[in-house]
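Shown here: data_14.txt, compact mmCIF, C-alpha atoms and all ligand atoms.
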```
# COMPACT_ATOMS: atom_id res chain seq x y z
CA MET A 990 -14.23 260.79 143.60
CA LYS A 991 -12.06 257.87 142.41
CA ARG A 992 -8.39 258.01 143.37
CA ALA A 993 -5.47 257.26 141.06
CA LEU A 994 -1.73 257.14 141.76
CA VAL A 995 0.76 257.59 138.93
CA THR A 996 4.39 256.71 139.70
CA GLY A 997 6.79 258.53 137.40
CA GLY A 998 4.03 261.15 137.17
CA ALA A 999 6.45 264.03 136.52
CA GLY A 1000 7.91 262.18 133.52
CA PHE A 1001 6.88 262.23 129.90
CA ILE A 1002 4.03 259.70 129.67
CA GLY A 1003 3.23 259.86 133.40
CA PHE A 1004 2.53 263.61 133.32
CA ALA A 1005 0.33 263.32 130.22
CA LEU A 1006 -1.57 260.52 131.95
CA CYS A 1007 -1.98 262.55 135.16
CA LYS A 1008 -3.43 265.46 133.14
CA GLN A 1009 -5.90 263.16 131.43
CA LEU A 1010 -6.95 261.49 134.71
CA ALA A 1011 -7.47 264.88 136.37
CA VAL A 1012 -9.71 265.97 133.48
CA SER A 1013 -11.62 262.67 133.75
CA GLY A 1014 -12.55 263.62 137.34
CA TYR A 1015 -10.04 261.58 139.33
CA SER A 1016 -8.28 262.63 142.48
CA VAL A 1017 -4.70 262.20 141.24
CA VAL A 1018 -1.54 261.59 143.24
CA VAL A 1019 1.57 262.34 141.19
CA CYS A 1020 4.58 260.43 142.54
CA ASP A 1021 8.12 261.06 141.31
CA ASN A 1022 11.64 261.44 142.70
CA LEU A 1023 12.31 264.15 140.09
CA SER A 1024 15.46 262.41 138.87
CA ARG A 1025 14.29 262.78 135.27
CA GLY A 1026 10.87 264.40 135.42
CA LYS A 1027 11.18 268.11 136.14
CA MET A 1028 9.20 270.49 138.36
CA ASP A 1029 8.78 272.79 135.34
CA ASN A 1030 6.12 275.44 134.82
CA GLU A 1031 3.74 272.96 133.18
CA LEU A 1032 3.88 270.65 136.20
CA LYS A 1033 3.71 273.56 138.68
CA THR A 1034 0.57 274.91 136.99
CA PHE A 1035 -0.99 271.47 136.94
CA LEU A 1036 -0.34 270.92 140.66
CA LYS A 1037 -2.52 273.97 141.46
CA LYS A 1038 -5.62 271.95 140.54
CA PRO A 1039 -7.68 271.04 143.62
CA ASN A 1040 -7.85 267.34 142.69
CA VAL A 1041 -4.09 266.91 142.24
CA GLU A 1042 -1.39 266.22 144.81
CA PHE A 1043 2.37 265.76 144.40
CA VAL A 1044 4.39 263.32 146.50
CA GLN A 1045 8.15 263.38 146.08
CA CYS A 1046 9.19 259.81 146.76
CA ASP A 1047 12.11 257.60 145.82
CA LEU A 1048 10.52 254.23 145.21
CA THR A 1049 13.84 252.40 145.63
CA LYS A 1050 13.56 253.24 149.36
CA PRO A 1051 10.76 251.12 150.87
CA GLU A 1052 10.41 253.39 153.94
CA GLU A 1053 9.42 256.31 151.67
CA LEU A 1054 6.35 254.59 150.22
CA ALA A 1055 4.27 255.31 153.33
CA LYS A 1056 4.11 258.91 151.97
CA LEU A 1057 1.94 257.75 149.08
CA GLY A 1058 -1.19 257.30 151.19
CA THR A 1059 -3.84 254.60 150.76
CA ASN A 1060 -7.26 253.96 149.29
CA PHE A 1061 -6.40 254.04 145.58
CA ASP A 1062 -8.73 252.64 142.95
CA TYR A 1063 -5.98 252.59 140.35
CA VAL A 1064 -2.18 252.54 140.62
CA TYR A 1065 -0.25 253.21 137.41
CA HIS A 1066 3.40 252.17 137.76
CA LEU A 1067 5.41 254.17 135.23
CA ALA A 1068 8.45 255.19 137.30
CA ALA A 1069 11.68 253.87 135.77
CA VAL A 1070 15.06 254.94 134.51
CA GLN A 1071 15.21 254.69 130.76
CA GLY A 1072 17.05 256.25 127.78
CA THR A 1073 19.69 254.47 125.69
CA LYS A 1074 22.50 256.62 127.11
CA ASN A 1075 21.62 255.44 130.63
CA PHE A 1076 21.57 251.80 129.48
CA TYR A 1077 25.21 252.09 128.39
CA ASP A 1078 26.55 254.57 130.98
CA LYS A 1079 24.74 253.40 134.12
CA PRO A 1080 23.51 249.84 133.52
CA ALA A 1081 23.67 248.80 137.20
CA HIS A 1082 21.69 251.90 138.20
CA VAL A 1083 19.07 251.21 135.49
CA SER A 1084 18.52 247.56 136.45
CA ARG A 1085 18.66 248.22 140.21
CA THR A 1086 16.32 251.22 140.20
CA ASN A 1087 13.70 249.68 137.96
CA ILE A 1088 13.61 246.33 139.74
CA LEU A 1089 13.63 247.85 143.26
CA CYS A 1090 10.89 250.35 142.38
CA THR A 1091 8.71 247.51 141.15
CA ILE A 1092 9.33 245.22 144.14
CA ASN A 1093 8.76 248.01 146.66
CA LEU A 1094 5.60 249.20 144.94
CA LEU A 1095 4.19 245.68 144.78
CA ASP A 1096 4.99 245.07 148.47
CA TRP A 1097 3.23 248.34 149.32
CA PHE A 1098 0.27 247.57 147.02
CA VAL A 1099 -0.49 244.10 148.45
CA GLN A 1100 -0.92 245.68 151.89
CA LEU A 1101 -3.64 248.01 150.55
CA LYS A 1102 -5.93 245.08 149.73
CA LYS A 1103 -7.79 247.29 147.26
CA GLY A 1104 -7.57 248.54 143.70
CA LYS A 1105 -5.95 247.57 140.43
CA ILE A 1106 -2.30 248.06 139.50
CA LEU A 1107 -0.76 248.51 136.03
CA PHE A 1108 2.87 247.91 135.06
CA SER A 1109 4.39 249.74 132.11
CA SER A 1110 6.71 247.32 130.38
CA SER A 1111 8.32 247.82 127.02
CA SER A 1112 8.75 246.30 123.57
CA GLU A 1113 12.45 246.13 124.58
CA ALA A 1114 11.59 243.08 126.69
CA TYR A 1115 11.07 241.02 123.53
CA ALA A 1116 13.51 242.82 121.18
CA SER A 1117 16.15 240.08 121.62
CA THR A 1118 13.63 237.39 120.74
CA ILE A 1119 13.07 239.02 117.36
CA SER A 1120 16.77 239.59 116.63
CA LYS A 1121 17.97 236.18 117.88
CA PHE A 1122 15.15 233.85 116.98
CA GLY A 1123 12.94 235.73 114.56
CA GLY A 1124 9.29 236.21 115.42
CA LYS A 1125 6.28 237.75 113.86
CA ILE A 1126 6.16 241.49 113.21
CA PRO A 1127 3.71 243.11 114.00
CA THR A 1128 4.33 241.39 117.32
CA SER A 1129 1.63 240.13 119.66
CA GLU A 1130 1.71 239.73 123.43
CA ASP A 1131 2.45 236.00 123.50
CA ILE A 1132 6.00 236.37 122.14
CA PRO A 1133 8.58 234.92 124.58
CA LEU A 1134 10.82 237.45 126.32
CA THR A 1135 14.59 237.15 125.86
CA ILE A 1136 17.81 238.89 126.89
CA GLU A 1137 20.31 238.42 124.09
CA ASP A 1138 23.48 239.01 126.12
CA VAL A 1139 23.55 239.77 129.84
CA TYR A 1140 27.09 241.17 129.42
CA ASN A 1141 25.94 243.84 126.97
CA PRO A 1142 24.77 246.82 129.09
CA ARG A 1143 22.36 247.65 126.27
CA TRP A 1144 20.02 245.08 127.82
CA SER A 1145 20.10 246.43 131.41
CA TYR A 1146 16.75 248.13 130.84
CA ALA A 1147 15.08 245.31 128.91
CA ALA A 1148 16.08 242.89 131.68
CA SER A 1149 14.51 245.16 134.30
CA LYS A 1150 11.25 245.22 132.33
CA LEU A 1151 11.34 241.44 131.86
CA ALA A 1152 11.91 241.05 135.63
CA GLY A 1153 9.06 243.49 136.30
CA GLU A 1154 6.66 241.40 134.22
CA VAL A 1155 7.70 238.23 136.07
CA LEU A 1156 7.26 240.01 139.41
CA PHE A 1157 3.78 241.22 138.52
CA ALA A 1158 2.69 237.80 137.25
CA ASN A 1159 3.96 236.06 140.39
CA TYR A 1160 2.71 238.62 142.92
CA GLY A 1161 -0.61 238.28 141.08
CA LYS A 1162 -0.58 234.54 141.75
CA ALA A 1163 0.73 234.77 145.30
CA TYR A 1164 -1.53 237.56 146.55
CA GLY A 1165 -4.48 237.49 144.13
CA ILE A 1166 -4.02 241.14 143.16
CA ASP A 1167 -5.84 242.67 140.21
CA PHE A 1168 -3.10 243.70 137.77
CA VAL A 1169 -2.43 244.33 134.11
CA ILE A 1170 0.82 244.72 132.17
CA ILE A 1171 1.14 247.04 129.19
CA ARG A 1172 4.06 247.21 126.77
CA TYR A 1173 4.57 250.64 125.25
CA HIS A 1174 6.00 250.85 121.73
CA ASN A 1175 7.94 254.02 120.84
CA VAL A 1176 5.78 256.69 122.41
CA TYR A 1177 6.69 260.24 121.37
CA GLY A 1178 5.41 263.77 121.92
CA PRO A 1179 6.04 267.11 123.65
CA ARG A 1180 8.08 267.24 126.88
CA MET A 1181 9.73 263.86 126.38
CA GLY A 1182 13.23 265.06 127.31
CA PHE A 1183 16.17 265.04 124.92
CA ASP A 1184 17.43 261.45 124.92
CA HIS A 1185 15.07 259.92 122.38
CA VAL A 1186 15.39 259.90 118.60
CA MET A 1187 12.67 262.49 117.90
CA PRO A 1188 13.88 265.30 120.21
CA GLU A 1189 17.46 264.53 119.21
CA PHE A 1190 16.59 264.99 115.52
CA ILE A 1191 14.69 268.19 116.30
CA VAL A 1192 17.61 269.61 118.30
CA ARG A 1193 20.15 268.74 115.59
CA THR A 1194 17.87 270.27 112.96
CA LEU A 1195 17.61 273.46 115.03
CA LYS A 1196 21.43 273.43 115.12
CA CYS A 1197 21.43 273.09 111.29
CA GLU A 1198 23.59 269.95 111.32
CA ASN A 1199 24.92 269.42 107.79
CA PRO A 1200 25.35 266.70 106.66
CA PHE A 1201 22.71 265.27 108.99
CA ASN A 1202 24.04 262.05 110.57
CA ILE A 1203 21.77 259.12 111.21
CA TYR A 1204 22.88 255.78 112.61
CA GLY A 1205 21.16 253.05 110.64
CA GLY A 1206 18.60 254.16 108.07
CA THR A 1207 16.40 251.26 107.11
CA GLU A 1208 15.44 250.31 110.68
CA THR A 1209 11.76 250.95 111.24
CA ARG A 1210 9.79 252.04 114.26
CA ALA A 1211 6.04 252.49 114.67
CA PHE A 1212 5.73 255.74 116.61
CA CYS A 1213 2.73 256.28 118.89
CA TYR A 1214 1.72 259.81 119.84
CA VAL A 1215 1.54 260.34 123.60
CA ASP A 1216 -2.18 261.31 123.61
CA ASP A 1217 -3.04 257.97 122.00
CA ALA A 1218 -0.76 256.13 124.44
CA VAL A 1219 -2.39 257.65 127.53
CA HIS A 1220 -5.92 257.09 126.23
CA ALA A 1221 -5.03 253.45 125.67
CA THR A 1222 -3.42 253.22 129.13
CA GLN A 1223 -6.51 254.52 130.93
CA LEU A 1224 -8.76 252.33 128.79
CA VAL A 1225 -6.78 249.18 129.61
CA MET A 1226 -6.75 250.03 133.31
CA GLU A 1227 -10.50 250.64 133.44
CA SER A 1228 -11.33 247.58 131.33
CA LYS A 1229 -11.93 244.09 132.65
CA ALA A 1230 -8.43 243.08 131.51
CA THR A 1231 -6.67 241.41 134.41
CA ASN A 1232 -3.71 239.03 134.87
CA GLU A 1233 -2.66 239.69 131.30
CA THR A 1234 -0.47 241.74 128.98
CA ILE A 1235 -1.59 244.24 126.35
CA HIS A 1236 0.51 245.98 123.70
CA ILE A 1237 0.11 249.74 123.34
CA GLY A 1238 1.30 251.43 120.18
CA ASN A 1239 0.28 252.50 116.72
CA ASP A 1240 0.60 249.94 113.91
CA LYS A 1241 -0.27 252.50 111.22
CA THR A 1242 2.78 254.73 111.58
CA GLU A 1243 5.72 252.40 110.90
CA VAL A 1244 8.49 254.43 109.29
CA SER A 1245 12.19 253.96 108.51
CA ILE A 1246 14.61 256.15 110.45
CA ILE A 1247 15.74 257.87 107.25
CA ASP A 1248 12.15 258.78 106.32
CA PHE A 1249 11.52 259.86 109.90
CA ALA A 1250 14.46 262.28 109.64
CA LYS A 1251 13.17 263.52 106.28
CA ASP A 1252 9.67 264.09 107.73
CA ILE A 1253 11.14 266.19 110.54
CA HIS A 1254 13.29 268.21 108.10
CA LYS A 1255 10.30 268.86 105.88
CA LEU A 1256 8.11 270.01 108.76
CA MET A 1257 10.95 272.28 109.95
CA ASN A 1258 11.68 273.60 106.44
CA TYR A 1259 15.26 272.34 106.55
CA LYS A 1260 17.14 271.07 103.53
CA THR A 1261 20.27 268.99 104.07
CA GLU A 1262 22.19 265.95 102.95
CA ILE A 1263 21.52 262.89 105.15
CA LYS A 1264 24.59 260.77 105.97
CA VAL A 1265 23.71 257.18 106.89
CA ASN A 1266 26.19 255.66 109.39
CA PRO A 1267 26.21 252.04 110.62
CA ALA A 1268 23.47 251.21 113.12
CA PRO A 1269 24.57 250.92 116.78
CA LYS A 1270 25.34 247.37 118.02
CA GLY A 1271 22.20 245.65 119.27
CA SER A 1272 19.90 247.98 117.34
CA VAL A 1273 16.58 246.39 116.42
CA ALA A 1274 15.84 246.21 112.66
CA ARG A 1275 12.08 246.46 112.79
CA ARG A 1276 9.55 247.07 115.51
CA CYS A 1277 5.78 247.23 115.26
CA PRO A 1278 3.12 246.11 117.73
CA ASP A 1279 0.17 243.88 116.98
CA ILE A 1280 -2.62 245.79 118.75
CA THR A 1281 -5.48 243.39 118.08
CA LYS A 1282 -6.02 242.96 121.85
CA LEU A 1283 -6.08 246.70 122.42
CA ARG A 1284 -8.51 247.15 119.53
CA SER A 1285 -10.78 244.50 121.07
CA LEU A 1286 -11.18 246.89 124.04
CA GLY A 1287 -12.44 249.56 121.62
CA PHE A 1288 -9.24 251.52 121.05
CA GLU A 1289 -8.04 252.98 117.75
CA PRO A 1290 -4.97 255.24 117.54
CA LYS A 1291 -6.01 258.62 116.13
CA THR A 1292 -2.86 260.66 115.58
CA ALA A 1293 -1.11 260.44 112.20
CA LEU A 1294 2.69 260.64 112.34
CA LYS A 1295 2.93 264.05 110.63
CA GLN A 1296 0.30 265.53 112.92
CA GLY A 1297 2.04 264.23 116.07
CA LEU A 1298 5.42 265.37 114.77
CA LYS A 1299 4.09 268.83 114.04
CA GLN A 1300 2.69 269.17 117.56
CA SER A 1301 5.98 267.94 119.03
CA ILE A 1302 8.11 270.25 116.84
CA ASP A 1303 5.93 273.22 117.86
CA TRP A 1304 6.48 272.38 121.55
CA TYR A 1305 10.26 271.95 121.22
CA THR A 1306 10.69 275.03 119.03
CA ASN A 1307 8.78 277.07 121.58
CA TYR A 1308 10.80 275.53 124.44
CA PHE A 1309 14.09 276.56 122.81
CA LYS A 1310 12.92 280.15 122.48
CA THR A 1311 13.64 280.52 126.21
CA ASN A 1312 16.01 277.61 126.92
CA LYS A 1313 19.49 276.87 125.62
CA LEU A 1314 19.93 274.12 123.06
CA PRO A 1315 21.67 271.12 124.66
N1 LIG B 1 8.56 256.52 126.22
C1 LIG B 1 8.46 255.34 125.61
O1 LIG B 1 8.39 255.25 124.38
C2 LIG B 1 8.37 254.07 126.41
C3 LIG B 1 8.47 252.84 125.72
C4 LIG B 1 8.40 251.67 126.47
C5 LIG B 1 8.21 251.70 127.85
N2 LIG B 1 8.13 252.91 128.48
C6 LIG B 1 7.97 252.90 129.95
O2 LIG B 1 6.93 253.80 130.30
C7 LIG B 1 7.22 254.43 131.54
C8 LIG B 1 7.18 255.96 131.37
O3 LIG B 1 8.13 256.33 130.37
P1 LIG B 1 8.49 257.83 130.09
O4 LIG B 1 8.92 257.91 128.68
O5 LIG B 1 7.43 258.71 130.58
O6 LIG B 1 9.83 257.98 131.00
P2 LIG B 1 10.33 259.22 131.86
O7 LIG B 1 11.79 258.98 132.12
O8 LIG B 1 9.96 260.50 131.24
O9 LIG B 1 9.50 259.06 133.21
C9 LIG B 1 9.87 258.18 134.24
C10 LIG B 1 9.78 258.94 135.54
O10 LIG B 1 10.17 258.06 136.61
C11 LIG B 1 10.83 258.85 137.59
N3 LIG B 1 11.65 257.99 138.43
C12 LIG B 1 12.83 257.38 138.11
N4 LIG B 1 13.33 256.73 139.17
C13 LIG B 1 12.43 256.90 140.18
C14 LIG B 1 12.41 256.49 141.55
N5 LIG B 1 13.42 255.77 142.07
N6 LIG B 1 11.35 256.85 142.30
C15 LIG B 1 10.34 257.60 141.79
N7 LIG B 1 10.33 258.04 140.51
C16 LIG B 1 11.37 257.70 139.72
C17 LIG B 1 11.67 259.84 136.76
O11 LIG B 1 12.03 260.99 137.49
C18 LIG B 1 10.74 260.14 135.60
O12 LIG B 1 10.00 261.33 135.82
C19 LIG B 1 8.59 253.92 131.97
O13 LIG B 1 8.41 252.84 132.87
C20 LIG B 1 9.21 253.42 130.68
O14 LIG B 1 10.15 252.39 130.92
C21 LIG B 1 8.22 254.09 127.80
```
I need this file expressed as structure tokens, please.
Ligand SMILES: NC(=O)c1ccc[n+]([C@@H]2O[C@H](COP(=O)([O-])OP(=O)(O)OC[C@H]3O[C@@H](n4cnc5c(N)ncnc54)[C@H](O)[C@@H]3O)[C@@H](O)[C@H]2O)c1
Amino acid sequence: MKRALVTGGAGFIGFALCKQLAVSGYSVVVCDNLSRGKMDNELKTFLKKPNVEFVQCDLTKPEELAKLGTNFDYVYHLAAVQGTKNFYDKPAHVSRTNILCTINLLDWFVQLKKGKILFSSSSEAYASTISKFGGKIPTSEDIPLTIEDVYNPRWSYAASKLAGEVLFANYGKAYGIDFVIIRYHNVYGPRMGFDHVMPEFIVRTLKCENPFNIYGGTETRAFCYVDDAVHATQLVMESKATNETIHIGNDKTEVSIIDFAKDIHKLMNYKTEIKVNPAPKGSVARRCPDITKLRSLGFEPKTALKQGLKQSIDWYTNYFKTNKLP
């Protein structure tokens, strides 16, 4: 049985990936420090499977990595602190955690002398390039990475992802490891917490906010449903792709924030006035990935926006039947 390790495996994408790997017949080690990912009933049930093991480990502490074990075929590095609120409130924590986790995991991985490792970067790493210098949208992997303003805490996360990419590229050169970098673009779905735009809109709709405030309306995002994102992630890992970067997202779902809010209201049968407020400073006007490289590996995103939204709304509505609204 092939062995896979997923760091950040209790989190949103990490957990969905672990479930998929377990179904694909892997022996799966789920690693998380449970700072954001929760030991909820879904995770508890999943951990009962015979081919799944949980290791609670803080990857910022190098001495803890010995707990992870050895002999992995694939190591998926998804652990990170993210969420716009964290970027502004705890920028030092965001940069420090993400960079230390990556360095420690790489140092641990080179000792194994086996397997392939994947780093989950983000479209945020090139967001400043687009806003400062322009750049093609949909955006391909060869776009330079930029940090617009190191003094704006908004970029604490983007900088940690940029640093992570540099670390992977240079460890690759120094130690000859087999690695691949992916950049996720606005992944959404059930169990993604409450800090992202989709759950926030769902929560405010459940609270019947009227008028419904949005901050910036014409900005667009191309949302990628989590099932598509994890299929693409496993496909990239198991492909021959090595020493390179691949964008993961859905280029068929680009939508303005105002239409996104309207879609959610419609699916939740809610009628309200939408009040458009100025966009937050540093907000990116348009984001959409060029996924030509991903397509060349045989991937095509399958989930339409309305279908993914419906599945997400069902999950959140059900969740709030037994949990308090935040
Ligand atoms: N969700 C998106 O749209 C998106 C977009 C771009 C990039 N990404 C990247 O994909 C990865 C997964 O994202 P997600 O949305 O599932 O995030 P998430 O916050 O749900 O999951 C990250 C997990 O990492 C864990 N973690 C944090 N610090 C840790 C530490 N020191 N040691 C061990 N575990 C730690 C958290 O507890 C959490 O469960 C992240 O690296 C994120 O930066 C996500």
Tell me, as a list in words, which residues lie within 7 Å of Thr1118 of chain A, counting all atoms listed in the file; anything in the same chain fewer than 6 positions away does not count.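 The residues satisfying every condition are Gly1124, Pro1133, Leu1134 and Thr1135 of chain A.
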Using only C-alpha atoms and all ligand atoms, what are the residues with an atom within 7 Å of ligand LIG 1 (chain B), set out as number ranges by chain? A: 996-1003, 1020-1027, 1046-1049, 1067-1071, 1086, 1090, 1109-1112, 1172-1177, 1181-1182
Please produce an output containing C-alpha atoms for each residue in the selection, written as a PDB file, keeping the file's coordinate frame.
```pdb
ATOM      1  CA  THR A 996       4.390 256.710 139.700  1.00  0.00           C
ATOM      2  CA  GLY A 997       6.790 258.530 137.400  1.00  0.00           C
ATOM      3  CA  GLY A 998       4.030 261.150 137.170  1.00  0.00           C
ATOM      4  CA  ALA A 999       6.450 264.030 136.520  1.00  0.00           C
ATOM      5  CA  GLY A1000       7.910 262.180 133.520  1.00  0.00           C
ATOM      6  CA  PHE A1001       6.880 262.230 129.900  1.00  0.00           C
ATOM      7  CA  ILE A1002       4.030 259.700 129.670  1.00  0.00           C
ATOM      8  CA  GLY A1003       3.230 259.860 133.400  1.00  0.00           C
ATOM      9  CA  CYS A1020       4.580 260.430 142.540  1.00  0.00           C
ATOM     10  CA  ASP A1021       8.120 261.060 141.310  1.00  0.00           C
ATOM     11  CA  ASN A1022      11.640 261.440 142.700  1.00  0.00           C
ATOM     12  CA  LEU A1023      12.310 264.150 140.090  1.00  0.00           C
ATOM     13  CA  SER A1024      15.460 262.410 138.870  1.00  0.00           C
ATOM     14  CA  ARG A1025      14.290 262.780 135.270  1.00  0.00           C
ATOM     15  CA  GLY A1026      10.870 264.400 135.420  1.00  0.00           C
ATOM     16  CA  LYS A1027      11.180 268.110 136.140  1.00  0.00           C
ATOM     17  CA  CYS A1046       9.190 259.810 146.760  1.00  0.00           C
ATOM     18  CA  ASP A1047      12.110 257.600 145.820  1.00  0.00           C
ATOM     19  CA  LEU A1048      10.520 254.230 145.210  1.00  0.00           C
ATOM     20  CA  THR A1049      13.840 252.400 145.630  1.00  0.00           C
ATOM     21  CA  LEU A1067       5.410 254.170 135.230  1.00  0.00           C
ATOM     22  CA  ALA A1068       8.450 255.190 137.300  1.00  0.00           C
ATOM     23  CA  ALA A1069      11.680 253.870 135.770  1.00  0.00           C
ATOM     24  CA  VAL A1070      15.060 254.940 134.510  1.00  0.00           C
ATOM     25  CA  GLN A1071      15.210 254.690 130.760  1.00  0.00           C
ATOM     26  CA  THR A1086      16.320 251.220 140.200  1.00  0.00           C
ATOM     27  CA  CYS A1090      10.890 250.350 142.380  1.00  0.00           C
ATOM     28  CA  SER A1109       4.390 249.740 132.110  1.00  0.00           C
ATOM     29  CA  SER A1110       6.710 247.320 130.380  1.00  0.00           C
ATOM     30  CA  SER A1111       8.320 247.820 127.020  1.00  0.00           C
ATOM     31  CA  SER A1112       8.750 246.300 123.570  1.00  0.00           C
ATOM     32  CA  ARG A1172       4.060 247.210 126.770  1.00  0.00           C
ATOM     33  CA  TYR A1173       4.570 250.640 125.250  1.00  0.00           C
ATOM     34  CA  HIS A1174       6.000 250.850 121.730  1.00  0.00           C
ATOM     35  CA  ASN A1175       7.940 254.020 120.840  1.00  0.00           C
ATOM     36  CA  VAL A1176       5.780 256.690 122.410  1.00  0.00           C
ATOM     37  CA  TYR A1177       6.690 260.240 121.370  1.00  0.00           C
ATOM     38  CA  MET A1181       9.730 263.860 126.380  1.00  0.00           C
ATOM     39  CA  GLY A1182      13.230 265.060 127.310  1.00  0.00           C
TER      40      GLY A1182
END
```
Counting all atoms listed in the file, figure out which residue out of A:Asn1202, A:Thr1207, A:Thr1091, A:Thr1231 gets nearest to Glu1262 of chain A.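 So, comparing all the options, the nearest one is A:Asn1202.
Distance check against Thr1194 of chain A using all atoms listed in the file: of A:Lys1299, A:Lys1255, A:Lys1264, A:His1220, the minimum falls on A:Lys1255.
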For Ser1245 of chain A, please output as a list of chain:residue names all residues within 8 Å (counting only C-alpha atoms; exclusion window: fewer than 4 positions along the same chain). A:Gly1206, A:Thr1207, A:Glu1208, A:Thr1209, A:Arg1210, A:Phe1249
Counting all atoms listed in the file, figure out which residue out of A:Ala1218, A:Ala1163, A:Ile1191, A:Ala1211 gets nearest to Trp1304 of chain A.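 When distances to Trp1304 of chain A are compared using all atoms listed in the file, the smallest one comes from A:Ile1191.
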For the atom pair atom CA of Ile1171 of chain A and atom CA of Asn1040 of chain A, what is the interatomic distance in Å to one decimal place?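 Distance reported for this atom pair: 26.0 Å.
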In Å, how far is it from atom CA of Ser1129 of chain A to atom CA of Leu1151 of chain A?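 Going from atom CA of Ser1129 of chain A over to atom CA of Leu1151 of chain A, I get 15.6 Å.
Atom CA of Arg1143 of chain A lies 21.1 Å from atom CA of Thr1128 of chain A.
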(-8.8, 244.2, 148.9) in this file's frame - what residues fall within 12 Å of it? Use all atoms listed in the file and give the answer as a list of chain:residue names. A:Thr1059, A:Asn1060, A:Phe1061, A:Asp1062, A:Phe1098, A:Val1099, A:Gln1100, A:Leu1101, A:Lys1102, A:Lys1103, A:Gly1104, A:Lys1105, A:Tyr1164, A:Gly1165, A:Ile1166, A:Asp1167
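The neighbours of Ser1084 of chain A here are the residues that come within 9 Å of it, using all atoms listed in the file and leaving out any residue fewer than 6 positions away in the same chain; they are Val1070, Phe1076, Ser1145, Tyr1146, Ala1147, Ala1148, Ser1149 and Lys1150 of chain A.
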Go through A:Lys1295, A:Lys1251, A:Arg992, A:Lys1033 one by one, measure the shortest atom-to-atom distance of each to Ser1013 of chain A using all atoms listed in the file, and give the residue with the smallest value. A:Arg992
Using all atoms listed in the file, which of A:Phe1190, A:Phe1168, A:Phe1004, A:Tyr1065 sits nearest Tyr1305 of chain A?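 With all atoms listed in the file as the atom set, the closest residue is A:Phe1190.
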Between A:Ala1081, A:Ala1230, A:Val1186, A:Met990, single out the one closest to Pro1142 of chain A, counting only C-alpha atoms. A:Ala1081
List the neighbours of Tyr1259 of chain A out to 12 Å using only C-alpha atoms; skip same-chain residues closer than 3 positions along the sequence, and give me the result as JSON, numbers by chain. {"A": [1190, 1191, 1193, 1194, 1195, 1196, 1197, 1198, 1199, 1200, 1201, 1250, 1251, 1252, 1253, 1254, 1255, 1256, 1262, 1263]}
Filtering to C-alpha atoms, could you give me those residues as a tab-separated table (two decimals), in the frame of the given file?
```tsv
chain	number	residue	atom	x	y	z
A	1190	PHE	CA	16.59	264.99	115.52
A	1191	ILE	CA	14.69	268.19	116.30
A	1193	ARG	CA	20.15	268.74	115.59
A	1194	THR	CA	17.87	270.27	112.96
A	1195	LEU	CA	17.61	273.46	115.03
A	1196	LYS	CA	21.43	273.43	115.12
A	1197	CYS	CA	21.43	273.09	111.29
A	1198	GLU	CA	23.59	269.95	111.32
A	1199	ASN	CA	24.92	269.42	107.79
A	1200	PRO	CA	25.35	266.70	106.66
A	1201	PHE	CA	22.71	265.27	108.99
A	1250	ALA	CA	14.46	262.28	109.64
A	1251	LYS	CA	13.17	263.52	106.28
A	1252	ASP	CA	9.67	264.09	107.73
A	1253	ILE	CA	11.14	266.19	110.54
A	1254	HIS	CA	13.29	268.21	108.10
A	1255	LYS	CA	10.30	268.86	105.88
A	1256	LEU	CA	8.11	270.01	108.76
A	1262	GLU	CA	22.19	265.95	102.95
A	1263	ILE	CA	21.52	262.89	105.15
```
Excluding segment 1276-1281 of chain A and residues on its chain fewer than 2 positions from it, collect all residues at most 10 Å away from it, counting all atoms listed in the file, and give them as a ChimeraX atom specification. /A:1112-1113,1116,1119,1125-1130,1172-1175,1208-1212,1235-1244,1273-1274,1283-1290
